[in-house]
$ cat model-v3.cif   # mmCIF, C-alpha atoms
data_input
loop_
_atom_site.label_atom_id
_atom_site.label_comp_id
_atom_site.auth_asym_id
_atom_site.auth_seq_id
_atom_site.Cartn_x
_atom_site.Cartn_y
_atom_site.Cartn_z
CA MET A 1 30.59 34.77 68.62
CA GLY A 2 32.72 31.69 68.54
CA ASP A 3 29.74 29.54 67.66
CA ARG A 4 28.67 31.85 64.86
CA VAL A 5 32.14 31.98 63.38
CA LEU A 6 32.40 28.23 63.69
CA SER A 7 29.10 27.53 62.05
CA GLU A 8 29.83 29.93 59.21
CA ALA A 9 33.22 28.40 58.66
CA ALA A 10 31.87 24.87 58.91
CA HIS A 11 29.29 25.81 56.34
CA ASN A 12 31.94 27.04 53.92
CA SER A 13 34.52 24.34 54.35
CA GLY A 14 34.77 20.95 55.93
CA GLY A 15 37.31 21.39 58.69
CA GLY A 16 38.41 25.01 58.58
CA GLY A 17 36.17 26.13 61.43
CA THR A 18 38.68 25.70 64.22
CA VAL A 19 41.39 27.52 62.29
CA GLU A 20 39.06 30.41 61.55
CA TYR A 21 37.95 30.56 65.17
CA ILE A 22 41.55 30.82 66.37
CA GLN A 23 42.52 33.31 63.66
CA HIS A 24 39.49 35.43 64.44
CA HIS A 25 40.31 35.59 68.14
CA LEU A 26 43.93 36.45 67.43
CA THR A 27 43.13 39.34 65.09
CA ASN A 28 43.30 42.88 66.41
CA LEU A 29 40.80 45.59 65.62
CA CYS A 30 42.96 47.45 63.13
CA VAL A 31 42.23 50.92 61.76
CA GLY A 32 44.25 52.94 59.27
CA ASP A 33 46.60 51.19 56.83
CA CYS A 34 45.16 47.72 57.24
CA ASP A 35 44.79 44.85 54.85
CA PRO A 36 41.04 44.58 54.06
CA VAL A 37 41.19 40.79 53.80
CA THR A 38 43.43 39.69 56.67
CA HIS A 39 42.83 42.77 58.89
CA GLN A 40 46.55 42.87 59.65
CA ALA A 41 48.53 46.10 59.65
CA SER A 42 49.96 46.75 56.20
CA GLY A 43 51.54 50.14 56.70
CA PHE A 44 53.06 52.39 59.33
CA TRP A 45 49.86 54.33 60.15
CA SER A 46 47.76 51.49 61.41
CA LEU A 47 46.43 51.40 64.95
CA HIS A 48 45.27 48.44 66.98
CA LEU A 49 42.33 50.11 68.67
CA ASP A 50 41.55 47.26 71.06
CA THR A 51 45.13 47.13 72.34
CA LEU A 52 45.18 50.89 72.85
CA PHE A 53 41.76 50.92 74.49
CA PHE A 54 42.43 48.17 77.03
CA GLY A 55 45.98 49.38 77.68
CA TYR A 56 44.84 52.89 78.51
CA LEU A 57 41.77 51.63 80.37
CA ILE A 58 43.98 49.60 82.69
CA ALA A 59 46.41 52.50 83.07
CA ALA A 60 43.47 54.75 83.99
CA LEU A 61 42.26 52.14 86.46
CA ILE A 62 45.67 52.06 88.17
CA VAL A 63 45.77 55.86 88.37
CA PHE A 64 42.20 56.03 89.68
CA VAL A 65 42.67 53.33 92.33
CA GLY A 66 46.01 54.87 93.33
CA TRP A 67 44.35 58.25 93.70
CA ARG A 68 41.46 56.80 95.73
CA VAL A 69 43.79 54.91 98.06
CA GLY A 70 46.11 57.91 98.32
CA SER A 71 43.29 60.25 99.28
CA SER A 72 41.94 57.99 102.01
CA LEU A 73 45.10 56.82 103.74
CA ASN A 74 44.74 55.90 107.38
CA PRO A 75 48.07 55.37 109.17
CA ASP A 76 46.46 54.25 112.46
CA LYS A 77 43.95 51.75 111.17
CA PRO A 78 44.74 50.76 107.58
CA SER A 79 41.99 49.13 105.58
CA GLY A 80 42.45 45.74 103.93
CA PHE A 81 43.00 47.24 100.53
CA GLN A 82 45.48 49.79 101.87
CA ASN A 83 47.40 46.90 103.40
CA PHE A 84 47.41 45.14 100.05
CA VAL A 85 48.70 48.22 98.22
CA GLU A 86 51.34 48.77 100.89
CA MET A 87 52.43 45.17 100.51
CA ILE A 88 52.95 45.65 96.75
CA LEU A 89 54.78 48.95 97.32
CA ASP A 90 57.00 47.34 99.92
CA PHE A 91 57.68 44.39 97.63
CA VAL A 92 58.71 46.59 94.68
CA SER A 93 60.72 48.89 96.91
CA THR A 94 62.64 45.90 98.35
CA GLN A 95 63.40 44.67 94.84
CA VAL A 96 64.72 48.06 93.77
CA LYS A 97 66.85 48.42 96.92
CA ASP A 98 68.32 44.94 96.50
CA THR A 99 68.98 45.13 92.77
CA PHE A 100 69.66 48.75 91.97
CA PRO A 101 73.03 50.24 92.92
CA GLY A 102 73.03 53.87 93.98
CA HIS A 103 70.03 56.14 94.11
CA ASN A 104 67.64 57.31 91.42
CA PRO A 105 64.15 58.50 92.37
CA LEU A 106 62.78 57.47 88.97
CA ILE A 107 63.48 53.75 89.25
CA ALA A 108 61.02 52.64 91.96
CA PRO A 109 57.95 54.39 90.45
CA LEU A 110 58.95 53.08 87.03
CA ALA A 111 59.29 49.54 88.36
CA LEU A 112 55.96 49.77 90.19
CA THR A 113 54.19 51.09 87.09
CA ILE A 114 55.64 48.35 84.92
CA PHE A 115 54.77 45.63 87.40
CA LEU A 116 51.17 46.72 87.95
CA TRP A 117 50.46 47.61 84.34
CA VAL A 118 51.95 44.45 82.87
CA PHE A 119 50.31 42.30 85.52
CA LEU A 120 46.86 43.77 84.93
CA MET A 121 47.24 43.64 81.15
CA ASN A 122 48.25 40.00 81.50
CA PHE A 123 45.33 39.45 83.83
CA MET A 124 42.93 40.21 80.97
CA ASP A 125 43.96 36.79 79.70
CA LEU A 126 41.95 35.16 82.48
CA ILE A 127 38.67 36.65 81.26
CA PRO A 128 36.84 33.96 79.26
CA VAL A 129 38.12 34.08 75.69
CA ASP A 130 34.70 34.37 74.05
CA LEU A 131 33.13 36.86 76.46
CA LEU A 132 34.57 40.20 75.34
CA PRO A 133 34.53 39.41 71.58
CA LEU A 134 30.89 38.33 72.01
CA ILE A 135 29.94 41.59 73.73
CA ALA A 136 31.88 43.53 71.10
CA SER A 137 30.13 41.74 68.26
CA THR A 138 26.72 42.73 69.62
CA ILE A 139 27.67 46.39 69.30
CA GLY A 140 29.12 45.91 65.84
CA ILE A 141 32.83 45.48 66.52
CA PRO A 142 34.02 42.60 64.32
CA TYR A 143 37.40 41.88 65.92
CA LEU A 144 38.59 42.21 69.48
CA LYS A 145 41.74 40.95 71.15
CA ALA A 146 41.35 41.87 74.77
CA VAL A 147 44.86 41.17 76.10
CA PRO A 148 47.18 44.05 75.21
CA THR A 149 50.33 42.05 75.99
CA THR A 150 49.47 39.47 73.31
CA ASP A 151 50.15 42.28 70.85
CA LEU A 152 53.86 42.67 70.07
CA ASN A 153 53.34 46.43 69.68
CA THR A 154 52.62 46.80 73.40
CA THR A 155 55.55 44.77 74.65
CA LEU A 156 57.99 46.30 72.17
CA ALA A 157 56.79 49.80 73.03
CA MET A 158 57.45 49.17 76.72
CA SER A 159 60.83 47.55 76.16
CA LEU A 160 61.91 50.30 73.76
CA THR A 161 60.99 52.88 76.40
CA VAL A 162 63.19 51.01 78.84
CA PHE A 163 65.92 50.85 76.18
CA VAL A 164 65.80 54.64 75.65
CA LEU A 165 66.11 55.13 79.42
CA VAL A 166 69.05 52.71 79.54
CA VAL A 167 70.85 54.60 76.75
CA PHE A 168 70.06 57.94 78.42
CA TYR A 169 71.40 56.90 81.82
CA SER A 170 74.39 55.12 80.29
CA ILE A 171 75.43 58.34 78.55
CA LYS A 172 74.61 60.41 81.64
CA VAL A 173 76.59 58.23 84.06
CA LYS A 174 79.47 57.08 81.86
CA GLY A 175 79.65 60.20 79.72
CA PRO A 176 79.46 60.17 75.91
CA VAL A 177 83.12 59.09 75.66
CA GLY A 178 82.67 56.31 78.20
CA TYR A 179 79.59 55.07 76.37
CA LEU A 180 81.42 55.06 73.03
CA LYS A 181 84.37 53.25 74.63
CA MET A 182 81.99 50.45 75.62
CA PHE A 183 81.16 50.00 71.95
CA LEU A 184 84.76 50.23 70.78
CA PHE A 185 86.65 48.04 73.27
CA HIS A 186 84.10 45.51 74.47
CA PRO A 187 84.25 42.47 74.46
CA PHE A 188 87.49 41.71 72.50
CA GLY A 189 89.80 44.58 73.43
CA LYS A 190 91.40 47.29 71.32
CA PHE A 191 92.59 45.13 68.40
CA PHE A 192 89.14 44.18 67.16
CA VAL A 193 87.36 47.52 67.10
CA PRO A 194 85.06 46.84 64.09
CA VAL A 195 83.98 43.47 65.50
CA ASN A 196 83.47 45.05 68.92
CA ILE A 197 81.22 47.76 67.49
CA VAL A 198 79.03 45.24 65.71
CA MET A 199 78.86 42.86 68.63
CA THR A 200 78.08 45.46 71.27
CA THR A 201 75.43 46.99 69.02
CA ILE A 202 73.83 43.58 68.58
CA GLU A 203 74.04 42.93 72.31
CA GLU A 204 72.44 46.23 73.25
CA LEU A 205 69.65 45.86 70.70
CA ALA A 206 69.01 42.28 71.80
CA LYS A 207 68.12 43.44 75.33
CA PRO A 208 64.84 45.21 74.47
CA LEU A 209 64.01 42.59 71.85
CA SER A 210 64.37 39.68 74.27
CA LEU A 211 62.45 41.60 76.93
CA ALA A 212 59.56 42.20 74.53
CA LEU A 213 59.57 38.77 72.92
CA ARG A 214 59.58 36.92 76.23
CA LEU A 215 56.47 38.67 77.50
CA PHE A 216 54.70 38.53 74.15
CA GLY A 217 55.57 34.88 73.55
CA ASN A 218 54.41 33.70 76.96
CA LEU A 219 51.11 35.56 76.83
CA PHE A 220 50.39 34.76 73.20
CA ALA A 221 50.99 31.07 73.83
CA GLY A 222 48.84 31.21 76.96
CA GLU A 223 46.00 32.80 75.03
CA LEU A 224 46.33 30.17 72.33
CA VAL A 225 46.05 27.36 74.87
CA PHE A 226 42.89 28.96 76.30
CA LEU A 227 41.46 29.10 72.77
CA LEU A 228 42.31 25.45 72.15
CA ILE A 229 40.64 24.44 75.42
CA ALA A 230 37.61 26.51 74.46
CA LEU A 231 37.48 24.62 71.18
CA ILE A 232 37.01 21.31 73.01
CA GLY A 233 33.58 22.51 74.04
CA GLY A 234 32.92 24.48 70.87
CA THR A 235 33.47 21.75 68.33
CA LEU A 236 33.08 18.44 70.07
CA THR A 237 30.07 18.75 72.36
CA VAL A 238 27.35 17.11 70.37
CA GLY A 239 24.60 15.24 72.18
CA ALA A 240 25.64 12.68 74.75
CA ALA A 241 29.35 13.26 74.04
CA ALA A 242 28.99 16.52 75.96
CA PHE A 243 28.90 14.51 79.18
CA PHE A 244 32.49 13.54 78.49
CA TRP A 245 33.91 16.64 76.82
CA PHE A 246 32.39 19.31 79.03
CA PRO A 247 33.95 18.09 82.33
CA LEU A 248 37.25 17.65 80.50
CA GLN A 249 37.09 21.22 79.28
CA VAL A 250 36.28 22.50 82.77
CA VAL A 251 39.14 20.58 84.35
CA LEU A 252 41.65 21.61 81.68
CA ASP A 253 40.54 25.23 81.77
CA LEU A 254 40.76 25.40 85.54
CA GLY A 255 44.18 23.74 85.52
CA TRP A 256 45.55 26.06 82.87
CA LEU A 257 43.99 29.07 84.58
CA ILE A 258 45.70 28.32 87.88
CA PHE A 259 49.01 27.69 86.14
CA HIS A 260 48.57 30.78 84.02
CA LEU A 261 48.01 32.89 87.12
CA LEU A 262 51.55 31.97 88.07
CA VAL A 263 52.82 32.71 84.55
CA ILE A 264 51.30 36.18 84.33
CA THR A 265 52.63 37.17 87.75
CA LEU A 266 56.06 35.80 86.94
CA GLN A 267 56.21 37.53 83.57
CA ALA A 268 55.20 40.88 85.07
CA PHE A 269 57.81 40.35 87.78
CA ILE A 270 60.55 39.38 85.31
CA PHE A 271 59.83 42.39 83.11
CA MET A 272 60.10 44.63 86.18
CA VAL A 273 63.26 43.04 87.58
CA LEU A 274 65.06 42.99 84.25
CA THR A 275 64.17 46.66 83.76
CA ILE A 276 65.74 47.43 87.15
CA VAL A 277 68.78 45.27 86.35
CA TYR A 278 69.35 46.86 82.93
CA LEU A 279 68.99 50.35 84.38
CA GLY A 280 71.28 49.32 87.23
CA MET A 281 73.90 48.19 84.70
CA ALA A 282 73.57 51.56 82.99
CA HIS A 283 74.33 53.25 86.32
CA THR A 284 77.51 51.30 87.05
CA GLU A 285 80.87 52.19 85.60
CA GLU A 286 82.02 48.72 84.63
CA HIS A 287 80.05 47.01 81.93
CA MET B 1 43.28 38.15 96.50
CA PRO B 2 44.27 34.93 94.72
CA PRO B 3 46.36 32.67 96.96
CA VAL B 4 48.65 31.84 94.02
CA PHE B 5 49.53 35.51 93.74
CA LEU B 6 50.38 35.66 97.44
CA PHE B 7 52.50 32.57 97.00
CA CYS B 8 54.35 34.17 94.07
CA VAL B 9 55.00 37.30 96.08
CA HIS B 10 56.29 35.18 98.94
CA VAL B 11 58.62 33.18 96.68
CA MET B 12 59.92 36.28 94.94
CA LYS B 13 60.61 38.23 98.12
CA THR B 14 64.15 36.97 98.44
CA PRO B 15 65.65 36.81 94.96
CA PRO B 16 69.35 36.44 94.23
CA GLN B 17 69.30 39.92 92.61
CA MET B 18 71.48 39.85 89.50
CA GLY B 19 70.72 36.16 89.21
CA TRP B 20 67.45 37.23 87.68
CA LEU B 21 69.40 38.02 84.54
CA LEU B 22 69.73 34.26 84.13
CA VAL B 23 66.01 34.08 83.41
CA GLY B 24 66.78 35.89 80.21
CA VAL B 25 69.84 33.94 79.06
CA GLY B 26 67.96 31.79 76.57
CA SER B 27 65.87 34.53 75.04
CA HIS B 28 68.86 36.87 75.01
CA LEU B 29 70.87 34.35 73.01
CA ALA B 30 68.00 33.94 70.53
CA ALA B 31 67.46 37.69 70.36
CA MET B 32 71.15 38.31 69.60
CA VAL B 33 71.08 35.93 66.64
CA VAL B 34 67.89 37.56 65.35
CA VAL B 35 69.24 41.09 65.80
CA GLY B 36 72.48 40.07 64.05
CA PHE B 37 70.63 38.78 61.02
CA VAL B 38 68.22 41.71 60.89
CA LEU B 39 71.03 44.28 61.22
CA GLY B 40 72.99 42.48 58.52
CA TYR B 41 69.94 42.30 56.30
CA ALA B 42 69.25 46.02 56.70
CA LEU B 43 72.88 46.96 55.99
CA ASP B 44 72.92 44.58 53.01
CA ALA B 45 69.87 46.27 51.56
CA TRP B 46 71.53 49.65 52.05
CA LEU B 47 75.00 48.74 50.75
CA GLU B 48 73.76 46.17 48.20
CA THR B 49 76.12 43.49 49.49
CA ARG B 50 73.59 40.74 50.07
CA PRO B 51 74.15 38.13 51.56
CA LEU B 52 77.60 38.94 52.91
CA LEU B 53 76.80 41.15 55.91
CA MET B 54 73.72 39.15 56.86
CA PHE B 55 75.90 36.06 57.19
CA ILE B 56 78.73 37.81 59.05
CA PHE B 57 76.42 39.67 61.46
CA GLY B 58 74.35 36.54 62.05
CA CYS B 59 77.50 34.62 62.98
CA LEU B 60 78.72 37.47 65.18
CA GLY B 61 75.32 37.55 66.90
CA PHE B 62 75.53 33.83 67.55
CA VAL B 63 79.10 34.01 68.86
CA GLY B 64 78.26 37.07 70.96
CA GLY B 65 75.16 35.35 72.32
CA ILE B 66 77.10 32.27 73.37
CA LEU B 67 79.84 34.42 74.92
CA LYS B 68 77.29 36.51 76.80
CA ALA B 69 75.41 33.44 78.01
CA HIS B 70 78.66 31.86 79.19
CA GLN B 71 79.69 35.07 80.90
CA MET B 72 76.37 35.42 82.72
CA LEU B 73 76.24 31.77 83.73
CA SER B 74 79.78 31.71 85.04
CA ARG B 75 79.35 34.95 86.97
CA TRP B 76 75.94 34.40 88.56
CA GLY B 77 75.13 30.76 87.88
#

$ encode --input "model-v3.cif" --output "structure tokens"
Amino acid sequence: MGDRVLSEAAHNSGGGGTVEYIQHHLTNLCVGDCDPVTHQASGFWSLHLDTLFFGYLIAALIVFVGWRVGSSLNPDKPSGFQNFVEMILDFVSTQVKDTFPGHNPLIAPLALTIFLWVFLMNFMDLIPVDLLPLIASTIGIPYLKAVPTTDLNTTLAMSLTVFVLVVFYSIKVKGPVGYLKMFLFHPFGKFFVPVNIVMTTIEELAKPLSLALRLFGNLFAGELVFLLIALIGGTLTVGAAAFFWFPLQVVLDLGWLIFHLLVITLQAFIFMVLTIVYLGMAHTEEH
Amino acid sequence: MPPVFLFCVHVMKTPPQMGWLLVGVGSHLAAMVVVGFVLGYALDAWLETRPLLMFIFGCLGFVGGILKAHQMLSRWG
């Protein structure tokens, strides 16, 4: 796919091939109100089918594997995979116990879901960048962006869900009056009520935005670096020069892959921990 | 199981709890400025007072972001 796009682009213009290659790989499969030229969403009712498909596929995978492990638990002689799942459960449970004040049965399952889902969605980034678009193009799908977390819609949707939960628990724990007081008298006291309202509103809205942008930014940049490394082989390997460029591409790709493995785990972990922390702050009386 | 993943799990097993908020100080500061400007822009469009509120809210977002960052760093840093 990459080669075809490149050759077409190279045919049309002198040096636009690399730009087109990158743009093509960063374009979602949009249906509904989409711009026919750029294939970007141009209205409210536009869906990124690839993001939805891979997001739900991974969610279904987690549910299926969870169900399989759950139905074949062996307390006396746990299998290797059961041990692995128990390790993750124990890890998330420890985090929740350490970070979350009080008790809420919703938090640990929520944290576990976020961690696993975000991690696996991020993990799609490690699949070779040309592989899935190539397979998709053979069955007539023109655009495919396989990593759901490189789509801001996914990360914002998750962080807004967390935000709604934070608001819900804030009102539940502090009471409607207590919640309003936070807006009125924080952070400058009772003499600056209008400024306080604006500032607290900005602060509260910044939480989900920063949560979403951090994940999106890291994964989008990671994907872009993979594309750039792929371009080393795609554009520069001609004849004997391949002996130089190909090993370089392999080394760079492997290096970035290993580093990126750390990044995707860390980002999934940070999203989970910050969710717990924000919900924990909603459950405490003092702001 | 990738060894890097195991390593990450090992490193993360003993975090300084609320200290994890510090990971988000930078992006929170940036997000507050952005939210300030966007809120101001939206209100300006509604009240037809452009660019007054955008400027004020942007400044408030910046000040609030710095205050929040300072508060977090001095409490858990």

$ resolve_selection --input "model-v3.cif" --expression "the PyMOL selection byres ((chain A) within 6 of (chain B))" --output "JSON, numbers by chain"
{"A": [99, 202, 206, 210]}

$ residues_around --input "model-v3.cif" --residues "range 18-34 of chain A" --least-positions-apart "6" --cutoff "6 Å" --atoms "all atoms listed in the file" --output "list in words"
Gln40, Ala41, Ser42, Gly43, Trp45, Ser46, Leu47, His48, Leu49, Asp50, Tyr143, Leu144 and Lys145 of chain A

$ resolve_selection --input "model-v3.cif" --expression "the PyMOL selection byres ((chain A and resi 222) around 10)" --output "list in words"
Asn122, Asp125, Leu126, Thr150, Phe216, Gly217, Asn218, Leu219, Phe220, Ala221, Glu223, Leu224, Val225, Phe226, Leu227, Leu228, Trp256, Leu257, Phe259, His260, Val263 and Ile264 of chain A

$ write_last_selection --input "model-v3.cif" --atoms "C-alpha atoms" --output "mmCIF file, in the coordinates of the input"
data_model
loop_
_atom_site.group_PDB
_atom_site.id
_atom_site.type_symbol
_atom_site.label_atom_id
_atom_site.label_comp_id
_atom_site.auth_asym_id
_atom_site.auth_seq_id
_atom_site.Cartn_x
_atom_site.Cartn_y
_atom_site.Cartn_z
ATOM 1 C CA ASN A 122 48.250 40.000 81.500
ATOM 2 C CA ASP A 125 43.960 36.790 79.700
ATOM 3 C CA LEU A 126 41.950 35.160 82.480
ATOM 4 C CA THR A 150 49.470 39.470 73.310
ATOM 5 C CA PHE A 216 54.700 38.530 74.150
ATOM 6 C CA GLY A 217 55.570 34.880 73.550
ATOM 7 C CA ASN A 218 54.410 33.700 76.960
ATOM 8 C CA LEU A 219 51.110 35.560 76.830
ATOM 9 C CA PHE A 220 50.390 34.760 73.200
ATOM 10 C CA ALA A 221 50.990 31.070 73.830
ATOM 11 C CA GLU A 223 46.000 32.800 75.030
ATOM 12 C CA LEU A 224 46.330 30.170 72.330
ATOM 13 C CA VAL A 225 46.050 27.360 74.870
ATOM 14 C CA PHE A 226 42.890 28.960 76.300
ATOM 15 C CA LEU A 227 41.460 29.100 72.770
ATOM 16 C CA LEU A 228 42.310 25.450 72.150
ATOM 17 C CA TRP A 256 45.550 26.060 82.870
ATOM 18 C CA LEU A 257 43.990 29.070 84.580
ATOM 19 C CA PHE A 259 49.010 27.690 86.140
ATOM 20 C CA HIS A 260 48.570 30.780 84.020
ATOM 21 C CA VAL A 263 52.820 32.710 84.550
ATOM 22 C CA ILE A 264 51.300 36.180 84.330
#

$ atom_distance --input "model-v3.cif" --atom1 "CA of Thr200 in chain A" --atom2 "CA of Pro51 in chain B"
21.4 Å

$ resolve_selection --input "model-v3.cif" --expression "the PyMOL selection byres ((chain A and resi 269) around 9)" --output "list of chain:residue names"
A:Ile114, A:Phe115, A:Val118, A:Phe119, A:Ile264, A:Thr265, A:Leu266, A:Gln267, A:Ala268, A:Ile270, A:Phe271, A:Met272, A:Val273, A:Leu274, B:Met12

$ write_last_selection --input "model-v3.cif" --atoms "C-alpha atoms" --output "compact mmCIF listing (two decimals), in the coordinates of the input"
# COMPACT_ATOMS: atom_id res chain seq x y z
CA ILE A 114 55.64 48.35 84.92
CA PHE A 115 54.77 45.63 87.40
CA VAL A 118 51.95 44.45 82.87
CA PHE A 119 50.31 42.30 85.52
CA ILE A 264 51.30 36.18 84.33
CA THR A 265 52.63 37.17 87.75
CA LEU A 266 56.06 35.80 86.94
CA GLN A 267 56.21 37.53 83.57
CA ALA A 268 55.20 40.88 85.07
CA ILE A 270 60.55 39.38 85.31
CA PHE A 271 59.83 42.39 83.11
CA MET A 272 60.10 44.63 86.18
CA VAL A 273 63.26 43.04 87.58
CA LEU A 274 65.06 42.99 84.25
CA MET B 12 59.92 36.28 94.94

$ atom_distance --input "model-v3.cif" --atom1 "CA of Thr154 in chain A" --atom2 "CA of Tyr169 in chain A"
22.9 Å

$ atom_distance --input "model-v3.cif" --atom1 "CA of Ala146 in chain A" --atom2 "CA of Leu160 in chain A"
22.2 Å

$ decode --input "model-v3.cif" --residues "range 173-188 of chain A" --atoms "N, CA, C and O atoms" --output "PDB file, in the first residue's frame"
ATOM      1  N   VAL A 173     -20.715  12.958  47.073  1.00  0.00           N
ATOM      2  CA  VAL A 173     -19.983  12.965  48.341  1.00  0.00           C
ATOM      3  C   VAL A 173     -20.079  14.328  49.028  1.00  0.00           C
ATOM      4  O   VAL A 173     -20.355  14.418  50.222  1.00  0.00           O
ATOM      5  N   LYS A 174     -19.866  15.399  48.264  1.00  0.00           N
ATOM      6  CA  LYS A 174     -19.835  16.730  48.880  1.00  0.00           C
ATOM      7  C   LYS A 174     -21.224  17.352  48.962  1.00  0.00           C
ATOM      8  O   LYS A 174     -21.413  18.363  49.637  1.00  0.00           O
ATOM      9  N   GLY A 175     -22.170  16.803  48.235  1.00  0.00           N
ATOM     10  CA  GLY A 175     -23.499  17.412  48.181  1.00  0.00           C
ATOM     11  C   GLY A 175     -23.505  18.530  47.157  1.00  0.00           C
ATOM     12  O   GLY A 175     -22.448  19.122  46.881  1.00  0.00           O
ATOM     13  N   PRO A 176     -24.676  18.855  46.594  1.00  0.00           N
ATOM     14  CA  PRO A 176     -24.731  19.917  45.587  1.00  0.00           C
ATOM     15  C   PRO A 176     -24.198  21.243  46.116  1.00  0.00           C
ATOM     16  O   PRO A 176     -23.492  21.971  45.397  1.00  0.00           O
ATOM     17  N   VAL A 177     -24.501  21.551  47.388  1.00  0.00           N
ATOM     18  CA  VAL A 177     -24.044  22.829  47.963  1.00  0.00           C
ATOM     19  C   VAL A 177     -22.523  22.829  48.110  1.00  0.00           C
ATOM     20  O   VAL A 177     -21.846  23.807  47.753  1.00  0.00           O
ATOM     21  N   GLY A 178     -21.998  21.717  48.599  1.00  0.00           N
ATOM     22  CA  GLY A 178     -20.549  21.604  48.773  1.00  0.00           C
ATOM     23  C   GLY A 178     -19.820  21.727  47.444  1.00  0.00           C
ATOM     24  O   GLY A 178     -18.760  22.355  47.354  1.00  0.00           O
ATOM     25  N   TYR A 179     -20.410  21.125  46.409  1.00  0.00           N
ATOM     26  CA  TYR A 179     -19.793  21.179  45.081  1.00  0.00           C
ATOM     27  C   TYR A 179     -19.805  22.606  44.555  1.00  0.00           C
ATOM     28  O   TYR A 179     -18.814  23.084  43.997  1.00  0.00           O
ATOM     29  N   LEU A 180     -20.935  23.300  44.751  1.00  0.00           N
ATOM     30  CA  LEU A 180     -21.024  24.701  44.301  1.00  0.00           C
ATOM     31  C   LEU A 180     -20.060  25.589  45.083  1.00  0.00           C
ATOM     32  O   LEU A 180     -19.446  26.493  44.523  1.00  0.00           O
ATOM     33  N   LYS A 181     -19.905  25.298  46.377  1.00  0.00           N
ATOM     34  CA  LYS A 181     -18.983  26.081  47.207  1.00  0.00           C
ATOM     35  C   LYS A 181     -17.564  26.014  46.667  1.00  0.00           C
ATOM     36  O   LYS A 181     -16.810  26.984  46.718  1.00  0.00           O
ATOM     37  N   MET A 182     -17.205  24.823  46.143  1.00  0.00           N
ATOM     38  CA  MET A 182     -15.869  24.645  45.577  1.00  0.00           C
ATOM     39  C   MET A 182     -15.660  25.630  44.419  1.00  0.00           C
ATOM     40  O   MET A 182     -14.588  26.196  44.256  1.00  0.00           O
ATOM     41  N   PHE A 183     -16.712  25.832  43.643  1.00  0.00           N
ATOM     42  CA  PHE A 183     -16.612  26.755  42.517  1.00  0.00           C
ATOM     43  C   PHE A 183     -16.579  28.211  42.980  1.00  0.00           C
ATOM     44  O   PHE A 183     -15.918  29.046  42.382  1.00  0.00           O
ATOM     45  N   LEU A 184     -17.325  28.481  44.076  1.00  0.00           N
ATOM     46  CA  LEU A 184     -17.470  29.880  44.501  1.00  0.00           C
ATOM     47  C   LEU A 184     -16.258  30.392  45.278  1.00  0.00           C
ATOM     48  O   LEU A 184     -15.824  31.517  45.089  1.00  0.00           O
ATOM     49  N   PHE A 185     -15.709  29.549  46.174  1.00  0.00           N
ATOM     50  CA  PHE A 185     -14.705  30.059  47.119  1.00  0.00           C
ATOM     51  C   PHE A 185     -13.296  29.497  46.909  1.00  0.00           C
ATOM     52  O   PHE A 185     -12.438  29.632  47.758  1.00  0.00           O
ATOM     53  N   HIS A 186     -13.067  28.863  45.793  1.00  0.00           N
ATOM     54  CA  HIS A 186     -11.747  28.282  45.545  1.00  0.00           C
ATOM     55  C   HIS A 186     -11.207  28.879  44.249  1.00  0.00           C
ATOM     56  O   HIS A 186     -11.950  28.920  43.270  1.00  0.00           O
ATOM     57  N   PRO A 187     -10.003  29.353  44.138  1.00  0.00           N
ATOM     58  CA  PRO A 187      -8.908  29.289  45.119  1.00  0.00           C
ATOM     59  C   PRO A 187      -8.663  30.605  45.866  1.00  0.00           C
ATOM     60  O   PRO A 187      -7.779  30.660  46.700  1.00  0.00           O
ATOM     61  N   PHE A 188      -9.443  31.694  45.577  1.00  0.00           N
ATOM     62  CA  PHE A 188      -9.068  32.999  46.140  1.00  0.00           C
ATOM     63  C   PHE A 188      -9.944  33.472  47.301  1.00  0.00           C
ATOM     64  O   PHE A 188      -9.898  34.634  47.674  1.00  0.00           O
TER      65      PHE A 188
END
